[in-house]
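Novice: I am attaching a structure below and will ask some questions about it afterwards.
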Amino acid sequence: MMSYSGGRYAPVVPGSGKASAGTRVKQTLWVLCGVFSCGFLGFVGYVIVALQTKVDRWWAAASFFAVVAVATLVAVLVTPSNERGEITDTAPGTVSLILMLVLWFGGGLATVVSVPLIWKDYDAAGV
């Protein structure tokens, strides 16, 4: 790809400039899936980022959040409850509630922390 530069054509290198604000928003909207789904779909945004940037750390983040989401669902499903459907004060109930809080708050915090890293990897990948 060539661009006109003062009488000469100079090559434009992909990924050499910073993306516009609109592009940044579009790139990071997928990561908000975890925030709006209380953490249960937190892995979706990281899978999209990993596919587009081909960076291993996003595959690791996606795997971590997928494993925690599945563990949370399993813990909630095997937790005993009383006749009204309330979770009782047992060890599995406590574990499932802790996993839910880790998934929800951890996913939100990881989203906020990872956005600048995502932008850096998008710039490096030229996406």
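Naming works like this for the structure tokens: A, B, ... for the chains as they're shown, residue 1 at the start of each chain, ligands 1 onward in shown order.
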Show me, as a PyMOL selection string, the residues that have an atom within 12 Å of Gly93 in chain A when counting only C-alpha atoms, minus same-chain residues fewer than 4 positions from it.

Specialist: chain A and resi 72-82+86-89+97-100

Novice: Those same residues, written as a short mmCIF file (atom, residue, chain, number, x, y, z; two decimals), in the first residue's frame with C-alpha atoms?

Specialist:
```cif
data_model
loop_
_atom_site.label_atom_id
_atom_site.label_comp_id
_atom_site.auth_asym_id
_atom_site.auth_seq_id
_atom_site.Cartn_x
_atom_site.Cartn_y
_atom_site.Cartn_z
CA THR A 72 -18.53 -22.25 39.21
CA LEU A 73 -21.44 -23.82 37.34
CA VAL A 74 -20.51 -27.30 38.60
CA ALA A 75 -20.11 -26.03 42.18
CA VAL A 76 -23.51 -24.32 42.06
CA LEU A 77 -25.19 -27.40 40.57
CA VAL A 78 -23.85 -29.79 43.22
CA THR A 79 -24.48 -27.46 46.15
CA PRO A 80 -27.21 -28.73 48.44
CA SER A 81 -30.18 -26.47 49.02
CA ASN A 82 -33.18 -26.52 51.29
CA GLU A 86 -31.80 -21.50 49.06
CA ILE A 87 -28.15 -22.46 49.30
CA THR A 88 -27.44 -23.80 52.77
CA ASP A 89 -24.42 -22.90 54.91
CA LEU A 97 -20.38 -18.49 46.37
CA ILE A 98 -16.67 -17.68 46.58
CA LEU A 99 -16.16 -18.93 43.01
CA MET A 100 -19.05 -16.76 41.82
#
```

Novice: List the neighbours of Val25 in chain A out to 12 Å using only C-alpha atoms; skip same-chain residues closer than 6 positions along the sequence, and give me the result as a list in words.

Specialist: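 Here the answer would be Ala19, Val31, Leu32, Val115, Pro116, Ile118 and Trp119 of chain A.
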
Novice: Just how far from CA of Tyr46 in chain A is CA of Gly22 in chain A, in Å to one decimal?

Specialist: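 Computing it gives 19.4 Å between the two atoms.
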
Novice: Nearest to Pro92 in chain A among A:Val112, A:Lys54, A:Ala71, A:Phe105, with distances taken over only C-alpha atoms: which residue is it?

Specialist: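 That would be A:Ala71, the residue with the smallest distance to Pro92 in chain A.
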
Novice: For the atom pair CA of Ser37 in chain A and CA of Val67 in chain A, what is the interatomic distance in Å to one decimal place?

Specialist: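 It comes out at 15.7 Å.
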
Novice: Do a neighbour search on Asp121 in chain A at 12 Å with only C-alpha atoms, toss out local chain neighbours closer than 2 positions, and write the hits as a list of chain:residue names.

Specialist: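 Once the nearby chain positions are removed, what remains is A:Gly15, A:Lys18, A:Ala19, A:Arg24, A:Gln27, A:Thr28, A:Val49, A:Ala50, A:Leu51, A:Gln52, A:Thr53, A:Lys54, A:Val55, A:Asp56, A:Arg57, A:Trp58, A:Ser114, A:Val115, A:Pro116, A:Leu117, A:Ile118, A:Trp119, A:Asp123, A:Ala124, A:Ala125, A:Gly126, A:Val127.
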
Novice: Report as number ranges by chain: the residues of chain A with a DSSP assignment of alpha helix (DSSP H), based on the backbone of this structure.

Specialist: A: 21-28, 33-36, 42-53, 56-78, 91-125

Novice: From the options A:Ala21, A:Ala110, A:Ala62, A:Val70, which residue's atoms come nearest to Phe43 in chain A, counting only C-alpha atoms?

Specialist: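 For Phe43 in chain A, the nearest of the candidates is A:Ala62.
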
Novice: I'd like the contact shell of Leu41 in chain A - 9 Å cut-off, only C-alpha atoms, skipping same-chain residues fewer than 4 positions apart - returned as a list in words.

Specialist: Cys33, Gly34, Val35, Phe36, Ser37, Gly45, Phe65, Ala66 and Ala69 of chain A

Novice: Store the residues of this selection in a file with C-alpha atoms, as a compact mmCIF listing (two decimals), in the first residue's frame.

Specialist:
```
# COMPACT_ATOMS: atom_id res chain seq x y z
CA CYS A 33 -18.93 -9.61 27.68
CA GLY A 34 -17.56 -10.72 31.04
CA VAL A 35 -18.74 -7.57 32.80
CA PHE A 36 -22.29 -7.74 31.44
CA SER A 37 -22.67 -11.49 32.05
CA GLY A 45 -13.55 -11.43 24.70
CA PHE A 65 -11.88 -17.75 32.69
CA ALA A 66 -13.50 -20.71 30.89
CA ALA A 69 -16.84 -20.45 34.74
```

Novice: So, with only C-alpha atoms as the atoms that count, which of A:Phe40, A:Phe64, A:Arg84, A:Ser20 lies closest to Trp104 in chain A?

Specialist: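 Under the stated criterion, the closest residue is A:Phe40.
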
Novice: Would you compute the distance between CA of Ala91 in chain A and CA of Gly106 in chain A? Give it in Å to one decimal.

Specialist: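 Answer for the CA of Ala91 in chain A to CA of Gly106 in chain A separation: 21.4 Å.
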
Novice: Could you go through chain A and tell me which residues DSSP, when run on the backbone, assigns to strand (DSSP E), listing them as a PyMOL selection string?

Specialist: chain A and resi 2-5+8-11
